[in-house]
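Inspection log for the structure reproduced underneath, given as structure tokens.
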Amino acid sequence: MTDHSAASAPVAVVTGAARGIGLASVRWFLAQGHRVALLDIDRDTLLRAADDIGEPAARALALHCDVADPAQVQAAIDRIADHFGRIDALVNNAGVAVFKTLGQTTFAEWRHVMATNLDGAFLCSQACVPVMRRTGGGAIVNIASISGLRASTLRVAYGTSKAALIHLTKQQAAELGTVGIRANAIAPGPVETEMAKLVHTPAIRADYHDAIPLGRYGTLDEIAAAIGFLCSPAASYVNGQVLAVDGGFDATGVGLPTLRRDAAGGG
């Protein structure tokens, strides 16, 4: 763990922090000596997560917040700045998904996905940047998706929101790099999350395994480690990039099952 005194320890803000990738990221930051603010719309799950973490408020501050609501976002970031005195990293992880075709997706569903996945990242970044600038800069990591890099079925709203988030990342990198704030995106492939367990049938899981060279889903800790790297001094010259943490899924075309059969047969 990095040695930071309590008063000078860097501060990370993580949205969608009550579970999954967000909570794994919170644990990564705490293990590295950061102080962390956890934001989530699900108050009960957020409070349970904070209890499980077991850190005092001086190290981990849990705030109920809907990232799609400008007033709630500004109030939360103001509270964080007042509580910790600084913000060094922002992880825009809060996200929702609707798994329907173009024809089946209602406009209300479309707007719900865009409001959380895209508007939320915009609002949180806009609120955090002035705080970061006061202490010399920082890092923003937007959690996009492999679905923002390549299309697949039933993701017209989700995939489009993540593709837009990737471009927002590049805009942030271009505009904020001049004031010492780096912006990058993580594009996770399929990850062993509670959402995946609910919506990925055995057939879908088999399809993913067929298309991923590593032949498995990623773990929460693997995604959190990549997020942490992009927020760390080790990535001090990385800006405006999209890191696919996906076992090779985005890099691969057709033919993996055949290749595996040939390899197994000694071909």
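Please note that chains go A, B, ... in the order of the structure tokens, that every chain numbers its residues from 1, and that ligands are numbered from 1 in the order shown.
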
Write out as a list in words which residues come within 12 Å of Ser152 (chain A) when counting only C-alpha atoms, dropping same-chain ones fewer than 2 positions away.
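My list of contacting residues is Phe99, Lys100, Thr101, Leu102, Ser145, Ile146, Ser147, Gly148, Leu149, Arg150, Leu154, Arg155, Val156, Ala157, Tyr158, Gly159, Thr160, Ile204, Asp207, Tyr208 and Asp250 of chain A.
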
Keeping only C-alpha atoms, write those residues as a JSON list (two decimals), in the first residue's frame.
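So part_2.json came out as:
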[["chain", "number", "residue", "atom", "x", "y", "z"],
["A", 99, "PHE", "CA", -31.55, -5.17, -23.55],
["A", 100, "LYS", "CA", -34.02, -4.63, -26.38],
["A", 101, "THR", "CA", -33.97, -4.18, -30.14],
["A", 102, "LEU", "CA", -34.32, -0.80, -31.85],
["A", 145, "SER", "CA", -17.94, -1.03, -22.69],
["A", 146, "ILE", "CA", -16.85, -3.32, -25.45],
["A", 147, "SER", "CA", -20.40, -2.59, -26.69],
["A", 148, "GLY", "CA", -19.23, 0.96, -27.40],
["A", 149, "LEU", "CA", -16.53, -0.37, -29.73],
["A", 150, "ARG", "CA", -18.46, -3.05, -31.60],
["A", 154, "LEU", "CA", -30.14, -5.92, -28.05],
["A", 155, "ARG", "CA", -27.82, -3.01, -27.21],
["A", 156, "VAL", "CA", -29.08, -0.12, -29.31],
["A", 157, "ALA", "CA", -29.39, 2.21, -26.30],
["A", 158, "TYR", "CA", -26.60, 0.79, -24.15],
["A", 159, "GLY", "CA", -24.03, 0.45, -26.93],
["A", 160, "THR", "CA", -24.77, 3.88, -28.35],
["A", 204, "ILE", "CA", -24.88, -16.28, -24.31],
["A", 207, "ASP", "CA", -21.14, -17.45, -27.38],
["A", 208, "TYR", "CA", -18.80, -15.13, -25.46],
["A", 250, "ASP", "CA", -12.40, -6.63, -29.58]]

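Within 7 Å of Ala139 (chain A), once only C-alpha atoms are used and residues closer than 2 positions along the same chain are dropped, the contacting residues are Asp88, Ala89, Leu90, Val141, Ile181, Arg182, Ala183 and Cys231 of chain A.
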
According to DSSP computed on the backbone, where in region 136-267 of chain A is there strand (DSSP E or B)? Give the residues as a VMD selection string.
chain A and resid 138 to 143 155 181 to 188 191 218 242 to 245

Considering only C-alpha atoms, can you say which of A:Pro10, A:Val36, A:Ala151, A:Ala18 comes closest to Gly136 (chain A)?
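Closest residue, counting only C-alpha atoms: A:Pro10.
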
Could you pull out all residues of region 35-249 of chain A with a DSSP call of helix (DSSP H, G or I) and give them as an MDAnalysis selection string?
chainID A and resid 43:53 70:84 107:134 146:148 156:179 194:199 202:211 220:231 233:235

Work out how far CA of Ala211 (chain A) is from CA of Gly255 (chain A), in Å to one decimal.
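Taking CA of Gly255 (chain A) as the start and CA of Ala211 (chain A) as the end point, the length is 8.3 Å.
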
Residue contacts of region 215-225 of chain A (12 Å, only C-alpha atoms) excluding same-chain residues fewer than 3 positions away, as an MDAnalysis selection string:
chainID A and resid 14 17 19:32 91 93 141 143:145 185:194 196:197 200 204:212 228:232 243:249 256:257 260

Contacts of region 39-49 of chain A within 9 Å, only C-alpha atoms, excl. fewer than 6 positions in-chain, as a list in words:
Val13, Val14, Thr15, Gly16, Ala17, Ala18, Arg19, Leu23, Leu61, Ala62, Leu63, His64, Cys65, Asp66, Val67, Ala76 and Ala94 of chain A

Hey, can you spit out that residue selection with N, CA and C atoms as a compact mmCIF listing (two decimals), in the first residue's frame?
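To be explicit, this is the file written out as part-v5.txt:
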# COMPACT_ATOMS: atom_id res chain seq x y z
N VAL A 13 -13.29 9.66 -6.40
CA VAL A 13 -14.75 9.66 -6.42
C VAL A 13 -15.19 8.55 -7.38
N VAL A 14 -16.01 7.63 -6.90
CA VAL A 14 -16.47 6.51 -7.72
C VAL A 14 -17.99 6.53 -7.75
N THR A 15 -18.57 6.59 -8.94
CA THR A 15 -20.02 6.52 -9.07
C THR A 15 -20.44 5.08 -9.36
N GLY A 16 -21.69 4.77 -9.05
CA GLY A 16 -22.12 3.38 -9.16
C GLY A 16 -21.29 2.49 -8.26
N ALA A 17 -21.02 2.99 -7.05
CA ALA A 17 -20.01 2.38 -6.18
C ALA A 17 -20.56 1.30 -5.26
N ALA A 18 -21.84 1.03 -5.30
CA ALA A 18 -22.43 0.12 -4.32
C ALA A 18 -22.21 -1.35 -4.64
N ARG A 19 -21.79 -1.64 -5.86
CA ARG A 19 -21.65 -3.04 -6.25
C ARG A 19 -20.71 -3.15 -7.45
N LEU A 23 -17.65 -0.99 -6.77
CA LEU A 23 -17.22 -1.39 -5.44
C LEU A 23 -15.82 -2.00 -5.46
N LEU A 61 -16.47 7.94 2.30
CA LEU A 61 -17.70 8.72 2.47
C LEU A 61 -18.73 8.23 1.46
N ALA A 62 -19.85 7.72 1.95
CA ALA A 62 -20.91 7.20 1.09
C ALA A 62 -22.02 8.24 0.95
N LEU A 63 -22.35 8.58 -0.32
CA LEU A 63 -23.37 9.59 -0.57
C LEU A 63 -24.39 9.06 -1.57
N HIS A 64 -25.67 9.16 -1.18
CA HIS A 64 -26.74 8.80 -2.10
C HIS A 64 -26.84 9.88 -3.18
N CYS A 65 -26.81 9.48 -4.45
CA CYS A 65 -26.82 10.47 -5.53
C CYS A 65 -27.28 9.83 -6.83
N ASP A 66 -28.17 10.52 -7.52
CA ASP A 66 -28.57 10.17 -8.88
C ASP A 66 -27.70 11.00 -9.83
N VAL A 67 -26.80 10.35 -10.55
CA VAL A 67 -25.84 11.09 -11.37
C VAL A 67 -26.51 11.79 -12.55
N ALA A 76 -23.43 16.68 -4.16
CA ALA A 76 -22.55 15.59 -3.71
C ALA A 76 -21.09 15.99 -3.85
N ALA A 94 -21.21 4.67 -12.96
CA ALA A 94 -22.66 4.46 -12.87
C ALA A 94 -23.24 4.20 -14.25

Excluding Thr116 (chain A) and any residue of its chain fewer than 2 positions from it, enumerate the residues within 10 Å of it, using only C-alpha atoms, and give them as a list of chain:residue names.
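So, after excluding close chain neighbours, the residues are A:Asp66, A:Val67, A:Ala68, A:Asp69, A:Asn93, A:Ala94, A:Gly95, A:Val96, A:Ala97, A:Arg111, A:His112, A:Val113, A:Met114, A:Leu118, A:Asp119, A:Gly120, A:Ala121, A:Phe122, A:Leu123, A:Ser161.
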
Dump as a CSV table (one decimal), in the first residue's frame, selection limited to N, CA and C atoms:
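As written to disk, out.csv reads:
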chain,number,residue,atom,x,y,z
A,66,ASP,N,-28.2,10.5,-7.5
A,66,ASP,CA,-28.6,10.2,-8.9
A,66,ASP,C,-27.7,11.0,-9.8
A,67,VAL,N,-26.8,10.3,-10.5
A,67,VAL,CA,-25.8,11.1,-11.4
A,67,VAL,C,-26.5,11.8,-12.6
A,68,ALA,N,-27.8,11.4,-12.9
A,68,ALA,CA,-28.5,12.1,-13.9
A,68,ALA,C,-29.2,13.4,-13.5
A,69,ASP,N,-29.1,13.7,-12.2
A,69,ASP,CA,-29.7,14.9,-11.7
A,69,ASP,C,-28.6,16.0,-11.4
A,93,ASN,N,-18.6,5.4,-13.3
A,93,ASN,CA,-18.9,4.0,-13.5
A,93,ASN,C,-20.4,3.8,-13.5
A,94,ALA,N,-21.2,4.7,-13.0
A,94,ALA,CA,-22.7,4.5,-12.9
A,94,ALA,C,-23.2,4.2,-14.3
A,95,GLY,N,-24.0,3.1,-14.4
A,95,GLY,CA,-24.6,2.8,-15.7
A,95,GLY,C,-25.8,1.9,-15.5
A,96,VAL,N,-26.7,2.0,-16.5
A,96,VAL,CA,-27.8,1.1,-16.6
A,96,VAL,C,-27.9,0.6,-18.0
A,97,ALA,N,-28.7,-0.5,-18.2
A,97,ALA,CA,-28.8,-1.1,-19.5
A,97,ALA,C,-30.2,-1.6,-19.8
A,111,ARG,N,-33.9,7.4,-23.2
A,111,ARG,CA,-33.5,8.5,-22.5
A,111,ARG,C,-33.0,8.1,-21.1
A,112,HIS,N,-33.5,7.1,-20.5
A,112,HIS,CA,-33.1,6.6,-19.2
A,112,HIS,C,-31.6,6.2,-19.3
A,113,VAL,N,-31.3,5.4,-20.3
A,113,VAL,CA,-30.0,4.9,-20.5
A,113,VAL,C,-29.0,6.1,-20.8
A,114,MET,N,-29.4,7.0,-21.7
A,114,MET,CA,-28.5,8.1,-22.0
A,114,MET,C,-28.3,9.0,-20.8
A,118,LEU,N,-24.4,8.6,-20.0
A,118,LEU,CA,-23.7,9.7,-20.7
A,118,LEU,C,-23.9,11.0,-20.0
A,119,ASP,N,-25.1,11.4,-19.7
A,119,ASP,CA,-25.3,12.7,-19.0
A,119,ASP,C,-24.6,12.6,-17.6
A,120,GLY,N,-24.7,11.5,-16.9
A,120,GLY,CA,-24.1,11.3,-15.6
A,120,GLY,C,-22.6,11.6,-15.6
A,121,ALA,N,-21.9,11.0,-16.6
A,121,ALA,CA,-20.5,11.2,-16.7
A,121,ALA,C,-20.1,12.7,-17.0
A,122,PHE,N,-21.0,13.3,-17.9
A,122,PHE,CA,-20.8,14.7,-18.2
A,122,PHE,C,-20.9,15.6,-16.9
A,123,LEU,N,-22.0,15.4,-16.2
A,123,LEU,CA,-22.3,16.2,-15.0
A,123,LEU,C,-21.3,16.0,-13.9
A,161,SER,N,-24.8,4.6,-26.0
A,161,SER,CA,-24.4,5.5,-24.9
A,161,SER,C,-23.0,5.3,-24.6

Pick from A:Ala164, A:Arg59, A:His83, A:Pro213: nearest to Leu259 (chain A), with only C-alpha atoms counted?
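Checking each of A:Ala164, A:Arg59, A:His83, A:Pro213 against Leu259 (chain A), counting only C-alpha atoms, the winner is A:Pro213.
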
Which distance in Å separates CA of Ser8 (chain A) and CA of Gly180 (chain A), to one decimal?
18.5 Å

Distance of CA of Ile53 (chain A) from CA of Leu198 (chain A), expressed in Å to one decimal place
24.6 Å
